[in-house]
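Here is the structure we will look at, set down as structure tokens.
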Amino acid sequence: MLETSYVCTLSSKPRGEREPCAKQGEGMFTVPRNRRPIQASEIVMFMQQFCGVNVIAYYSSQIFLDADLSEMSALGALQWDGVLSTSSVCDPKVAIPAMYTIDTFGRRNLPLTTFPLMSLCLSSTGFSFWIPTDLTARVACVALGFYLFGMAYSPGEGPVPFTYSAEAYPLYIRAQGMPLVTATT
């Protein structure tokens with residue numbers, strides 16, 4: 001019988017006494033100790049995608065163009081987003097506090113704190129478009145909400161879902177659980 005999972009090869013039992021790999025994952029949804037981490041990880045991963053980061057990432061240039069910036073100014077404003085949030089390659093300004101707070105403040109408290117902050121930032125960015133176009137405060141308020149959203153996302157919903165998912169599963173189903181949860185993103 002061919003073994004398809006790397007986990008099967010790491011088993012301490014001799015080859016003839018092992019369960020087939022398909023049977024090792026049967027208890028993922030039926031055993032409560034395994035089902036609860038799957039549910040929690042799926043929710044956290046879904047909420048990472050649902051928090052608005054994709055909208056900000058994909059429509060960021062259009063947001064600044066709609067705020068009455070020129071194309072060159074909008075591109076310049078997007079470079080500041082890379083400096084302030086985790087979209088830049090080297091980001092010690094937000095990554096180091098995230099590494100510290102994920103262990104001290106907690107994996108549960110970070111999303112519970114940053115979700116309302118991200119909601120306020122997205123709301124302020126959206127409501128800033130009600131400011132008349134002839135005022136320079138419109139661009140400033142849009143940019144402020146945009147940048148603060150990135151700064152609130154970075155320590156909370158950026159790293160927490162993957163860290164939580166990697167640590168929530170028991171070792172014997174972690175290899176089956178992580179791909180399932182990662183497929184949610």
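Ligands are numbered from 1 in the order shown, chains are lettered A, B, ... in the order of the structure tokens, and residues start at 1 in each chain.
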Margin query: I'd like the contact shell of stretch 162-174 of chain A - 10 Å cut-off, only C-alpha atoms, skipping same-chain residues fewer than 4 positions apart - returned as a VMD selection string.
Written below: chain A and resid 7 11 24 to 28 33 to 38 40 to 42 44 to 45 48 102 107 to 108 157 to 158 178 to 182
Give me a file of those residues, with N, CA and C atoms, as an mmCIF file, in the first residue's frame.
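Done, and the output landed in part-v9.cif:
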data_model
loop_
_atom_site.group_PDB
_atom_site.id
_atom_site.type_symbol
_atom_site.label_atom_id
_atom_site.label_comp_id
_atom_site.auth_asym_id
_atom_site.auth_seq_id
_atom_site.Cartn_x
_atom_site.Cartn_y
_atom_site.Cartn_z
ATOM 1 N N VAL A 7 3.397 12.531 7.076
ATOM 2 C CA VAL A 7 3.145 12.190 8.468
ATOM 3 C C VAL A 7 3.205 10.682 8.662
ATOM 4 N N SER A 11 5.714 8.058 11.440
ATOM 5 C CA SER A 11 5.095 7.265 12.486
ATOM 6 C C SER A 11 6.122 6.337 13.122
ATOM 7 N N GLN A 24 -6.119 8.347 9.341
ATOM 8 C CA GLN A 24 -5.539 9.218 10.350
ATOM 9 C C GLN A 24 -6.295 10.536 10.466
ATOM 10 N N GLY A 25 -6.871 11.024 9.374
ATOM 11 C CA GLY A 25 -7.588 12.280 9.405
ATOM 12 C C GLY A 25 -9.077 12.149 9.683
ATOM 13 N N GLU A 26 -9.574 10.927 9.927
ATOM 14 C CA GLU A 26 -11.009 10.740 10.154
ATOM 15 C C GLU A 26 -11.506 11.485 11.379
ATOM 16 N N GLY A 27 -10.711 11.539 12.414
ATOM 17 C CA GLY A 27 -11.148 12.152 13.656
ATOM 18 C C GLY A 27 -11.044 13.662 13.684
ATOM 19 N N MET A 28 -10.697 14.278 12.568
ATOM 20 C CA MET A 28 -10.545 15.733 12.554
ATOM 21 C C MET A 28 -11.857 16.451 12.840
ATOM 22 N N ARG A 33 -11.944 17.676 20.438
ATOM 23 C CA ARG A 33 -10.629 18.268 20.667
ATOM 24 C C ARG A 33 -9.971 18.673 19.347
ATOM 25 N N ASN A 34 -10.321 18.029 18.285
ATOM 26 C CA ASN A 34 -9.793 18.353 16.962
ATOM 27 C C ASN A 34 -10.700 19.316 16.201
ATOM 28 N N ARG A 35 -12.002 19.201 16.410
ATOM 29 C CA ARG A 35 -12.962 20.035 15.682
ATOM 30 C C ARG A 35 -12.884 21.499 16.115
ATOM 31 N N ARG A 36 -12.717 21.756 17.402
ATOM 32 C CA ARG A 36 -12.682 23.143 17.884
ATOM 33 C C ARG A 36 -11.520 23.954 17.307
ATOM 34 N N PRO A 37 -10.292 23.414 17.263
ATOM 35 C CA PRO A 37 -9.231 24.203 16.613
ATOM 36 C C PRO A 37 -9.478 24.445 15.126
ATOM 37 N N ILE A 38 -10.100 23.492 14.451
ATOM 38 C CA ILE A 38 -10.397 23.687 13.033
ATOM 39 C C ILE A 38 -11.402 24.824 12.869
ATOM 40 N N ALA A 40 -12.073 27.311 14.990
ATOM 41 C CA ALA A 40 -11.479 28.594 15.385
ATOM 42 C C ALA A 40 -10.493 29.086 14.330
ATOM 43 N N SER A 41 -9.685 28.191 13.804
ATOM 44 C CA SER A 41 -8.706 28.584 12.786
ATOM 45 C C SER A 41 -9.389 29.028 11.500
ATOM 46 N N GLU A 42 -10.437 28.337 11.108
ATOM 47 C CA GLU A 42 -11.175 28.729 9.904
ATOM 48 C C GLU A 42 -11.805 30.115 10.066
ATOM 49 N N VAL A 44 -10.800 32.577 12.085
ATOM 50 C CA VAL A 44 -9.759 33.603 12.126
ATOM 51 C C VAL A 44 -9.187 33.844 10.726
ATOM 52 N N MET A 45 -8.974 32.768 9.976
ATOM 53 C CA MET A 45 -8.454 32.923 8.610
ATOM 54 C C MET A 45 -9.462 33.625 7.700
ATOM 55 N N GLN A 48 -9.509 37.273 8.458
ATOM 56 C CA GLN A 48 -8.347 37.979 7.928
ATOM 57 C C GLN A 48 -8.635 38.464 6.510
ATOM 58 N N ILE A 102 2.340 39.730 20.135
ATOM 59 C CA ILE A 102 1.633 38.466 19.916
ATOM 60 C C ILE A 102 1.853 37.522 21.091
ATOM 61 N N ARG A 107 -2.839 36.191 21.531
ATOM 62 C CA ARG A 107 -3.381 35.898 20.208
ATOM 63 C C ARG A 107 -4.873 36.161 20.126
ATOM 64 N N ARG A 108 -5.538 36.159 21.239
ATOM 65 C CA ARG A 108 -6.979 36.451 21.245
ATOM 66 C C ARG A 108 -7.225 37.949 21.359
ATOM 67 N N GLU A 157 -4.407 41.309 12.597
ATOM 68 C CA GLU A 157 -4.883 40.332 11.626
ATOM 69 C C GLU A 157 -3.831 39.939 10.604
ATOM 70 N N GLY A 158 -2.700 40.581 10.591
ATOM 71 C CA GLY A 158 -1.626 40.155 9.694
ATOM 72 C C GLY A 158 -1.010 38.832 10.129
ATOM 73 N N MET A 178 -3.421 22.233 8.875
ATOM 74 C CA MET A 178 -2.862 23.481 8.328
ATOM 75 C C MET A 178 -3.167 23.672 6.851
ATOM 76 N N PRO A 179 -3.039 22.674 5.998
ATOM 77 C CA PRO A 179 -3.427 22.903 4.590
ATOM 78 C C PRO A 179 -4.909 23.236 4.427
ATOM 79 N N LEU A 180 -5.738 22.622 5.248
ATOM 80 C CA LEU A 180 -7.169 22.901 5.188
ATOM 81 C C LEU A 180 -7.447 24.365 5.535
ATOM 82 N N VAL A 181 -6.817 24.847 6.575
ATOM 83 C CA VAL A 181 -7.032 26.230 7.006
ATOM 84 C C VAL A 181 -6.375 27.215 6.058
ATOM 85 N N THR A 182 -5.203 26.889 5.556
ATOM 86 C CA THR A 182 -4.517 27.786 4.645
ATOM 87 C C THR A 182 -5.302 27.941 3.336
#
Per-residue nearest contacts of stretch 131-171 of chain A to stretch 116-126 of chain A (7 Å; only C-alpha atoms) as a tab-separated table:
residue	atom	partner	partner_atom	distance
A:Cys141	CA	A:Thr125	CA	6.7
A:Val142	CA	A:Thr125	CA	4.7
A:Gly145	CA	A:Cys121	CA	4.7
A:Phe146	CA	A:Thr125	CA	6.3
A:Leu148	CA	A:Cys121	CA	6.2
A:Phe149	CA	A:Met118	CA	5.2
A:Ala152	CA	A:Met118	CA	5.9
A:Tyr153	CA	A:Met118	CA	6.7
Output the selection as a short mmCIF file (atom, residue, chain, number, x, y, z; two decimals), in the first residue's frame - C-alpha atoms for each residue.
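selection.cif was written with the following content:
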data_model
loop_
_atom_site.label_atom_id
_atom_site.label_comp_id
_atom_site.auth_asym_id
_atom_site.auth_seq_id
_atom_site.Cartn_x
_atom_site.Cartn_y
_atom_site.Cartn_z
CA CYS A 141 -8.27 62.38 6.07
CA VAL A 142 -8.32 59.69 3.37
CA GLY A 145 -7.48 56.48 7.60
CA PHE A 146 -5.64 54.47 4.94
CA LEU A 148 -3.82 53.88 10.21
CA PHE A 149 -5.68 50.88 8.80
CA ALA A 152 -3.77 48.41 12.85
CA TYR A 153 -3.79 45.41 10.49
#
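For the residues A:Gly177, A:Gly156, A:Pro132, A:Gly76, ranking by smallest atom-to-atom distance to A:Cys51 using only C-alpha atoms places A:Gly156 first.
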Next item on the list: Just give me the gap between atom CA of A:Gln49 and atom CA of A:Thr184 in Å, one decimal is fine.
Entry: 8.7 Å
Next item on the list: May I have the residues within 10 Å of A:Ile63 as a list in words, using only C-alpha atoms and disregarding those fewer than 4 positions away in the same chain?
Entry: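 Contacts, in chain order: Val55, Ile56, Tyr58, Tyr59, Ala67, Asp68, Leu69, Ala74, Thr125, Gly126, Phe129, Val139, Val142, Ala143 and Phe146 of chain A.
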Please produce an output containing all heavy atoms for each residue in the selection, written as an mmCIF file, in the first residue's frame.
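Contents of part.cif, freshly written:
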data_model
loop_
_atom_site.group_PDB
_atom_site.id
_atom_site.type_symbol
_atom_site.label_atom_id
_atom_site.label_comp_id
_atom_site.auth_asym_id
_atom_site.auth_seq_id
_atom_site.Cartn_x
_atom_site.Cartn_y
_atom_site.Cartn_z
ATOM 1 N N VAL A 55 -9.406 44.890 -0.168
ATOM 2 C CA VAL A 55 -9.966 46.081 -0.806
ATOM 3 C C VAL A 55 -8.943 47.209 -0.778
ATOM 4 O O VAL A 55 -8.710 47.880 -1.790
ATOM 5 C CB VAL A 55 -11.275 46.504 -0.103
ATOM 6 C CG1 VAL A 55 -11.779 47.820 -0.631
ATOM 7 C CG2 VAL A 55 -12.316 45.422 -0.247
ATOM 8 N N ILE A 56 -8.326 47.410 0.359
ATOM 9 C CA ILE A 56 -7.312 48.461 0.482
ATOM 10 C C ILE A 56 -6.126 48.156 -0.428
ATOM 11 O O ILE A 56 -5.583 49.035 -1.078
ATOM 12 C CB ILE A 56 -6.863 48.596 1.955
ATOM 13 C CG1 ILE A 56 -7.967 49.225 2.795
ATOM 14 C CG2 ILE A 56 -5.585 49.384 2.084
ATOM 15 C CD1 ILE A 56 -8.212 50.689 2.516
ATOM 16 N N TYR A 58 -5.956 46.242 -3.267
ATOM 17 C CA TYR A 58 -6.224 46.241 -4.695
ATOM 18 C C TYR A 58 -6.715 47.588 -5.225
ATOM 19 O O TYR A 58 -6.436 47.939 -6.365
ATOM 20 C CB TYR A 58 -7.237 45.148 -5.055
ATOM 21 C CG TYR A 58 -6.702 43.767 -4.805
ATOM 22 C CD1 TYR A 58 -7.438 42.829 -4.102
ATOM 23 C CD2 TYR A 58 -5.443 43.380 -5.263
ATOM 24 C CE1 TYR A 58 -6.945 41.558 -3.864
ATOM 25 C CE2 TYR A 58 -4.945 42.116 -5.032
ATOM 26 C CZ TYR A 58 -5.696 41.216 -4.336
ATOM 27 O OH TYR A 58 -5.209 39.960 -4.097
ATOM 28 N N TYR A 59 -7.438 48.314 -4.415
ATOM 29 C CA TYR A 59 -7.995 49.576 -4.878
ATOM 30 C C TYR A 59 -7.283 50.785 -4.293
ATOM 31 O O TYR A 59 -7.806 51.899 -4.346
ATOM 32 C CB TYR A 59 -9.490 49.650 -4.546
ATOM 33 C CG TYR A 59 -10.295 48.602 -5.253
ATOM 34 C CD1 TYR A 59 -10.910 47.585 -4.541
ATOM 35 C CD2 TYR A 59 -10.427 48.622 -6.634
ATOM 36 C CE1 TYR A 59 -11.640 46.603 -5.191
ATOM 37 C CE2 TYR A 59 -11.157 47.645 -7.289
ATOM 38 C CZ TYR A 59 -11.755 46.647 -6.566
ATOM 39 O OH TYR A 59 -12.470 45.682 -7.206
ATOM 40 N N ALA A 67 -9.576 60.626 -4.291
ATOM 41 C CA ALA A 67 -9.401 61.694 -3.297
ATOM 42 C C ALA A 67 -8.797 62.940 -3.939
ATOM 43 O O ALA A 67 -8.371 63.853 -3.236
ATOM 44 C CB ALA A 67 -8.510 61.210 -2.162
ATOM 45 N N ASP A 68 -8.757 62.982 -5.260
ATOM 46 C CA ASP A 68 -8.281 64.120 -6.057
ATOM 47 C C ASP A 68 -6.776 64.316 -5.997
ATOM 48 O O ASP A 68 -6.291 65.444 -6.022
ATOM 49 C CB ASP A 68 -9.000 65.418 -5.652
ATOM 50 C CG ASP A 68 -10.463 65.368 -6.013
ATOM 51 O OD1 ASP A 68 -10.804 64.682 -6.989
ATOM 52 O OD2 ASP A 68 -11.265 66.004 -5.311
ATOM 53 N N LEU A 69 -6.030 63.235 -5.939
ATOM 54 C CA LEU A 69 -4.587 63.329 -6.118
ATOM 55 C C LEU A 69 -4.260 63.032 -7.570
ATOM 56 O O LEU A 69 -4.986 62.300 -8.246
ATOM 57 C CB LEU A 69 -3.862 62.311 -5.231
ATOM 58 C CG LEU A 69 -3.728 62.639 -3.753
ATOM 59 C CD1 LEU A 69 -3.025 61.501 -3.033
ATOM 60 C CD2 LEU A 69 -2.961 63.921 -3.537
ATOM 61 N N ALA A 74 -0.543 59.988 -6.226
ATOM 62 C CA ALA A 74 -1.147 58.758 -5.705
ATOM 63 C C ALA A 74 -0.101 57.658 -5.570
ATOM 64 O O ALA A 74 -0.086 56.916 -4.585
ATOM 65 C CB ALA A 74 -2.282 58.299 -6.620
ATOM 66 N N THR A 125 -11.941 56.515 6.413
ATOM 67 C CA THR A 125 -11.503 56.667 5.021
ATOM 68 C C THR A 125 -12.711 56.837 4.104
ATOM 69 O O THR A 125 -12.723 57.711 3.231
ATOM 70 C CB THR A 125 -10.679 55.441 4.574
ATOM 71 O OG1 THR A 125 -9.550 55.308 5.422
ATOM 72 C CG2 THR A 125 -10.221 55.587 3.141
ATOM 73 N N GLY A 126 -13.733 56.031 4.305
ATOM 74 C CA GLY A 126 -14.923 56.136 3.464
ATOM 75 C C GLY A 126 -15.683 57.434 3.673
ATOM 76 O O GLY A 126 -16.108 58.080 2.702
ATOM 77 N N PHE A 129 -14.639 60.895 2.042
ATOM 78 C CA PHE A 129 -15.025 61.277 0.686
ATOM 79 C C PHE A 129 -16.238 62.202 0.682
ATOM 80 O O PHE A 129 -16.590 62.747 -0.356
ATOM 81 C CB PHE A 129 -15.282 60.032 -0.173
ATOM 82 C CG PHE A 129 -14.017 59.356 -0.596
ATOM 83 C CD1 PHE A 129 -13.554 58.250 0.078
ATOM 84 C CD2 PHE A 129 -13.271 59.853 -1.647
ATOM 85 C CE1 PHE A 129 -12.393 57.623 -0.304
ATOM 86 C CE2 PHE A 129 -12.098 59.248 -2.038
ATOM 87 C CZ PHE A 129 -11.653 58.126 -1.362
ATOM 88 N N VAL A 139 -7.976 64.918 1.269
ATOM 89 C CA VAL A 139 -6.841 64.048 0.980
ATOM 90 C C VAL A 139 -6.163 63.621 2.274
ATOM 91 O O VAL A 139 -5.795 62.454 2.448
ATOM 92 C CB VAL A 139 -5.841 64.752 0.034
ATOM 93 C CG1 VAL A 139 -4.597 63.900 -0.162
ATOM 94 C CG2 VAL A 139 -6.489 65.061 -1.291
ATOM 95 N N VAL A 142 -8.354 60.965 4.081
ATOM 96 C CA VAL A 142 -8.321 59.688 3.366
ATOM 97 C C VAL A 142 -6.989 58.998 3.627
ATOM 98 O O VAL A 142 -6.930 57.802 3.944
ATOM 99 C CB VAL A 142 -8.564 59.890 1.851
ATOM 100 C CG1 VAL A 142 -8.211 58.646 1.071
ATOM 101 C CG2 VAL A 142 -9.998 60.286 1.597
ATOM 102 N N ALA A 143 -5.902 59.745 3.507
ATOM 103 C CA ALA A 143 -4.571 59.160 3.718
ATOM 104 C C ALA A 143 -4.388 58.712 5.170
ATOM 105 O O ALA A 143 -3.826 57.637 5.421
ATOM 106 C CB ALA A 143 -3.493 60.161 3.337
ATOM 107 N N PHE A 146 -6.308 55.523 5.699
ATOM 108 C CA PHE A 146 -5.645 54.474 4.938
ATOM 109 C C PHE A 146 -4.403 53.970 5.663
ATOM 110 O O PHE A 146 -4.188 52.773 5.823
ATOM 111 C CB PHE A 146 -5.293 55.059 3.565
ATOM 112 C CG PHE A 146 -4.711 54.083 2.609
ATOM 113 C CD1 PHE A 146 -5.529 53.282 1.835
ATOM 114 C CD2 PHE A 146 -3.348 53.974 2.453
ATOM 115 C CE1 PHE A 146 -4.999 52.389 0.934
ATOM 116 C CE2 PHE A 146 -2.800 53.088 1.559
ATOM 117 C CZ PHE A 146 -3.623 52.286 0.789
#
Checklist line | Residue nearest A:Gln62 among A:Pro32, A:Leu110, A:Leu75, A:Phe50 (counting only C-alpha atoms) | finding: A:Leu75
